[in-house]
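Below: the structure, in structure tokens.
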Amino acid sequence: MTSPRYGVAVIRILEPSTDAEACDAIVRGLPGWFGLAEGIQACAQAVRAHEGLVALDDDEVVGFITSEPRTISMREISWMAVMAERRGTGIGTELIDGLIASQPARVERLLVKTLSDRDGDPGAEYAATRAFYIARGFSPLAELDIWGPDNPCQLLGRPIARTSSRA
């Protein structure tokens, strides 16, 4: 897939054997979002096990997205990150667009979990994350207590609009 709208050279399938180390480096460069060792490890595992895409600029991985099925008609973004210096340039949007475009017709909804502001805003990073997803058509679906009392979770979702039929 090419991505001329935002100046990213290519959005392509994540290849763990060649892309995982670069994805790990992106995560290390975002301590405001990836500050817990457990999250860093879980992301590293997802990059190596879940389906995903990477954004390349001059053959350098500048962002990635991983996802996994939740039901036959729903897919969840498990992790997404863009290099700190490349945030706000459209790469995240291209990764979401690429993920949606790659889904079979039976997948009708895309989900994502992020830190909720239910118990007060945990920081500007997560306010920006929630705003990013909402601006891309996601809506809050539920507040979940799955990460412990200090990490309230917000589940967001969006329908996948189909402009043409795909099998």
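Each chain in the structure tokens gets a letter, A, B and so on, in the order shown; residues start at 1 in every chain, and ligands are counted from 1 in the order they appear.
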Counting only C-alpha atoms, which residues in range 94-147 of chain A sit no more than 8 Å from range 48-69 of chain A? For each one, give the nearest pair of atoms and the distance in Å, sorted by chain then residue number, as a Markdown table.
| residue | atom | partner | partner_atom | distance |
| --- | --- | --- | --- | --- |
| A:Leu95 | CA | A:Ile65 | CA | 6.4 |
| A:Ile96 | CA | A:Ile65 | CA | 7.7 |
| A:Gly98 | CA | A:Leu53 | CA | 7.6 |
| A:Leu99 | CA | A:Leu53 | CA | 7.2 |
Report the closest atom pair, with its distance in Å rounded to one decimal, for each residue of range 74-145 of chain A that has an atom no farther than 10 Å from range 41-44 of chain A; count only C-alpha atoms, sort by chain and then rising residue number, and write it as a tab-separated table.
residue	atom	partner	partner_atom	distance
A:Ser78	CA	A:Cys43	CA	8.0
A:Trp79	CA	A:Cys43	CA	6.4
A:Met80	CA	A:Cys43	CA	8.9
A:Ala81	CA	A:Cys43	CA	9.9
>> According to DSSP computed on the backbone, where in range 30-149 of chain A is there alpha helix (DSSP H)? Give the residues as a PyMOL selection string.
In response: chain A and resi 37-49+91-101+124-135
Selection from above, C-alpha atoms, as a short mmCIF file (atom, residue, chain, number, x, y, z; two decimals), in the first residue's frame, can you write it?
data_model
loop_
_atom_site.label_atom_id
_atom_site.label_comp_id
_atom_site.auth_asym_id
_atom_site.auth_seq_id
_atom_site.Cartn_x
_atom_site.Cartn_y
_atom_site.Cartn_z
CA ALA A 37 7.60 -2.43 32.15
CA GLU A 38 4.58 -4.73 31.82
CA GLY A 39 3.16 -2.62 28.97
CA ILE A 40 6.48 -2.45 27.17
CA GLN A 41 6.82 -6.23 27.36
CA ALA A 42 3.21 -6.81 26.25
CA CYS A 43 3.72 -4.50 23.27
CA ALA A 44 6.95 -6.28 22.32
CA GLN A 45 5.11 -9.61 22.44
CA ALA A 46 2.25 -8.25 20.31
CA VAL A 47 4.66 -6.93 17.68
CA ARG A 48 6.04 -10.45 17.41
CA ALA A 49 2.72 -12.34 17.52
CA ILE A 91 1.03 8.47 10.16
CA GLY A 92 -1.37 7.20 12.85
CA THR A 93 -4.32 7.95 10.60
CA GLU A 94 -2.67 6.11 7.73
CA LEU A 95 -2.05 3.09 9.95
CA ILE A 96 -5.71 2.99 11.01
CA ASP A 97 -6.84 3.47 7.40
CA GLY A 98 -4.52 0.64 6.33
CA LEU A 99 -5.82 -1.64 9.05
CA ILE A 100 -9.41 -0.95 8.04
CA ALA A 101 -8.65 -1.48 4.36
CA ALA A 124 -1.83 15.04 28.52
CA GLU A 125 -0.59 11.97 26.66
CA TYR A 126 -3.78 10.01 27.20
CA ALA A 127 -6.04 13.00 26.63
CA ALA A 128 -4.31 13.35 23.24
CA THR A 129 -4.73 9.62 22.59
CA ARG A 130 -8.47 9.73 23.32
CA ALA A 131 -8.85 12.85 21.15
CA PHE A 132 -6.94 11.15 18.31
CA TYR A 133 -9.26 8.14 18.27
CA ILE A 134 -12.44 10.21 18.63
CA ALA A 135 -11.36 12.42 15.71
#
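Of note, CA of Ala22 in chain A and CA of Gly90 in chain A are spaced 19.1 Å apart.
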Sorted by chain and rising residue number, which residues of range 56-106 of chain A lie within 10 Å of range 143-158 of chain A, and what are their closest atom pairs and distances in Å to one decimal, counting only C-alpha atoms, as a Markdown table?
| residue | atom | partner | partner_atom | distance |
| --- | --- | --- | --- | --- |
| A:Met74 | CA | A:Gly157 | CA | 9.4 |
| A:Arg75 | CA | A:Gly157 | CA | 9.7 |
| A:Glu76 | CA | A:Gly157 | CA | 8.7 |
| A:Ile77 | CA | A:Gly157 | CA | 9.9 |
